[in-house]
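Everything below concerns the one structure shown next.
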Amino acid sequence: MNNRERLLALLAGNRPDRVPWFADMSYWYGATEAAGKLDEKYLGDGYFHMHRELDVGFYLQGYFPFEERAKGVSFESVRNGNEVVTTMKTPRGTLTEIQQYLPVSSSYGLVKHYVEDYDDLPAFQYYIENLSYTPNYDEAVRRKDIIGDNGVVVCYTPRTPFMQMITTFSGVENLIYLLMDYPEEVDELLSVMEEKYDVAAAMAVDSPAEMVMIPQNLSSEVVGSRYYEKYLRPCEKKWIEKIKNAGKYSLIHMDGTLKGLISEVAETGFDIIEAVTPAPVGDMTLEEVTNVVLEDTIIWGGVPGTMFTPMVSDDDFEKFVIEILTIMKTKPRFVLGVADQVPPDGLLSRVKAVATLIERYGKY
């Protein structure tokens, strides 16, 4: 069986020949390309062929199949060294976001959010009220032809409004303070956001994707069960139902801590919980996760990204992967994946080695 056949067999409730193996290589790839260290054969669409060379399935890479516009709103970004300042100008005021580039990790961190206090809400609400979306499926069609038998096309919905505020627009601390001080205003804002995001989510469902992800980046240390039940689950259930009615599979990106939330997430109805990060990096072992997640929910992940770095010895890496495979091959409900990405200092030799280990230790 090829990587695509293994995954589709698992999703259909059947038993493939071995545990499917898929990895998100986008972080490693982007950092390596930015550093000028990427092998020329991997440039452009060579990225897709790299997956074949490493014998790892392709599925992710952050693809939103729609374009967003906000009438009457303009954005301007200015870079000063490692700092990027973006201004959002609206008829109700101007908001500012500041991101700091971190060369060591080849990543950006938000040091100032657009929405930090009550005075920022009118301008931000104007932006949300004037959002519109148009579908853009060309890349999904193109990828399907390139990926072929090595994987599947996954498209993203937006995050649910509460998670989008936390991850991008306000940060968790600002949002919680605003909720405590101005609950009616924030609830109204979240309601308008959901109305707009419903349109984008429908476009993701209608896209050529076979699997549709809600990219929540969920972590139980950030969103407890109380907030999850009130602000995330109703929207997730609505979108999951649309995905199911379209004959497609639903995923949630849950790449943080798991205790106290993962069972609730599974009960919401997702076909797959993806990017599951077990101990020693996460806060639950894979056995513990298996025991609290509904049996018909596919668990996707298992190997923390740090395992692919020189921080871990080859022997410890192999031992860990074998231990995970010993659990995963007991029942066809697992996809072995990186939890959640191969980092910039990850070793391609480790990625390649996983397929060899699965052949030896991951057959059902």
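Ligands are numbered from 1 in the order shown, residues from 1 within each chain, and chains are lettered A, B, ... in the order they appear in the structure tokens.
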
Using the chain letters and numbers from this document, which residues of region 75-304 of chain A does DSSP assign to alpha helix (DSSP H), as an NGL selection string?
:A and (121-129 or 138-147 or 161-164 or 172-181 or 183-206 or 225-227 or 233-245 or 262-268 or 286-292)

Selection: 10 Å around region 2-6 of chain A, only C-alpha atoms, excl. self and same-chain fewer than 6 positions, as a count of residues only
22

Separation of CA of Pro310 (chain A) from CA of Thr356 (chain A) in Å:
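Between CA of Thr356 (chain A) and CA of Pro310 (chain A) the gap works out to 19.3 Å.
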
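For the residues A:Glu229, A:Glu274, A:Glu288, A:Asp45, ranking by smallest atom-to-atom distance to Glu139 (chain A) using only C-alpha atoms places A:Asp45 first.
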
Name the residues in contact with Thr90 (chain A) at a cut-off of 8 Å, using only C-alpha atoms, excluding same-chain residues fewer than 3 positions from it; report them as a list in words.
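Those residues are Gly72, Val73, Ser74, Gly93, Thr94, Ala123, Tyr126 and Tyr127 of chain A.
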
Can I get the selected residues back with N, CA and C atoms, as a compact mmCIF listing (two decimals), in the first residue's frame?
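Full text of part.txt as output:
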# COMPACT_ATOMS: atom_id res chain seq x y z
N GLY A 72 -12.92 49.22 3.28
CA GLY A 72 -12.69 50.42 4.07
C GLY A 72 -11.56 50.28 5.07
N VAL A 73 -10.83 49.15 5.02
CA VAL A 73 -9.74 48.91 5.97
C VAL A 73 -8.44 48.74 5.18
N SER A 74 -7.39 49.37 5.62
CA SER A 74 -6.09 49.23 4.96
C SER A 74 -5.04 48.77 5.96
N GLY A 93 -10.74 54.26 13.77
CA GLY A 93 -9.47 54.32 14.48
C GLY A 93 -8.42 53.43 13.87
N THR A 94 -7.20 53.57 14.36
CA THR A 94 -6.05 52.81 13.86
C THR A 94 -5.53 51.89 14.96
N ALA A 123 -12.69 50.06 16.47
CA ALA A 123 -11.96 49.92 15.21
C ALA A 123 -11.89 48.47 14.78
N TYR A 126 -15.19 47.25 13.46
CA TYR A 126 -15.42 47.74 12.09
C TYR A 126 -14.73 46.81 11.09
N TYR A 127 -13.50 46.43 11.39
CA TYR A 127 -12.77 45.50 10.52
C TYR A 127 -13.54 44.20 10.35

Of the listed residues A:Met284, A:Leu7, A:Ile324, A:Ala275, that which approaches Met213 (chain A) most closely, counting only C-alpha atoms:
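The shortest atom-to-atom distance to Met213 (chain A) comes from A:Ala275.
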
Calculate how many Å separate CA of Val141 (chain A) from CA of Met163 (chain A), rounding to one decimal.
28.6 Å

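Look at Pro280 (chain A): the protein and nucleic acid residues within 12 Å of it, using only C-alpha atoms and passing over chain neighbours fewer than 5 places away, are Thr257, Thr285, Leu286, Gly302, Val303, Pro304, Gly305, Thr306, Met307, Phe320 and Ala339 of chain A.
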
Output the selection as a PDB file, in the first residue's frame - C-alpha atoms for each residue.
ATOM      1  CA  THR A 257      -1.237  20.277  26.652  1.00  0.00           C
ATOM      2  CA  THR A 285       1.366   9.466  27.723  1.00  0.00           C
ATOM      3  CA  LEU A 286      -0.052   7.980  24.544  1.00  0.00           C
ATOM      4  CA  GLY A 302       3.057  10.726  18.681  1.00  0.00           C
ATOM      5  CA  VAL A 303       6.640  11.870  18.020  1.00  0.00           C
ATOM      6  CA  PRO A 304       7.531  15.284  19.504  1.00  0.00           C
ATOM      7  CA  GLY A 305       9.488  17.531  17.155  1.00  0.00           C
ATOM      8  CA  THR A 306      12.453  17.668  19.518  1.00  0.00           C
ATOM      9  CA  MET A 307      13.005  13.942  18.903  1.00  0.00           C
ATOM     10  CA  PHE A 320      10.995   6.215  21.498  1.00  0.00           C
ATOM     11  CA  ALA A 339       3.909  16.593  17.143  1.00  0.00           C
TER      12      ALA A 339
END

Counting only C-alpha atoms, the option among A:Tyr137, A:Tyr364, A:Trp300, A:Phe162 closest to Lys331 (chain A):
A:Tyr364

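Residue nearest Tyr249 (chain A), chosen from A:Pro344, A:Gly269, A:Pro135, A:Pro234 and counting only C-alpha atoms: A:Gly269.
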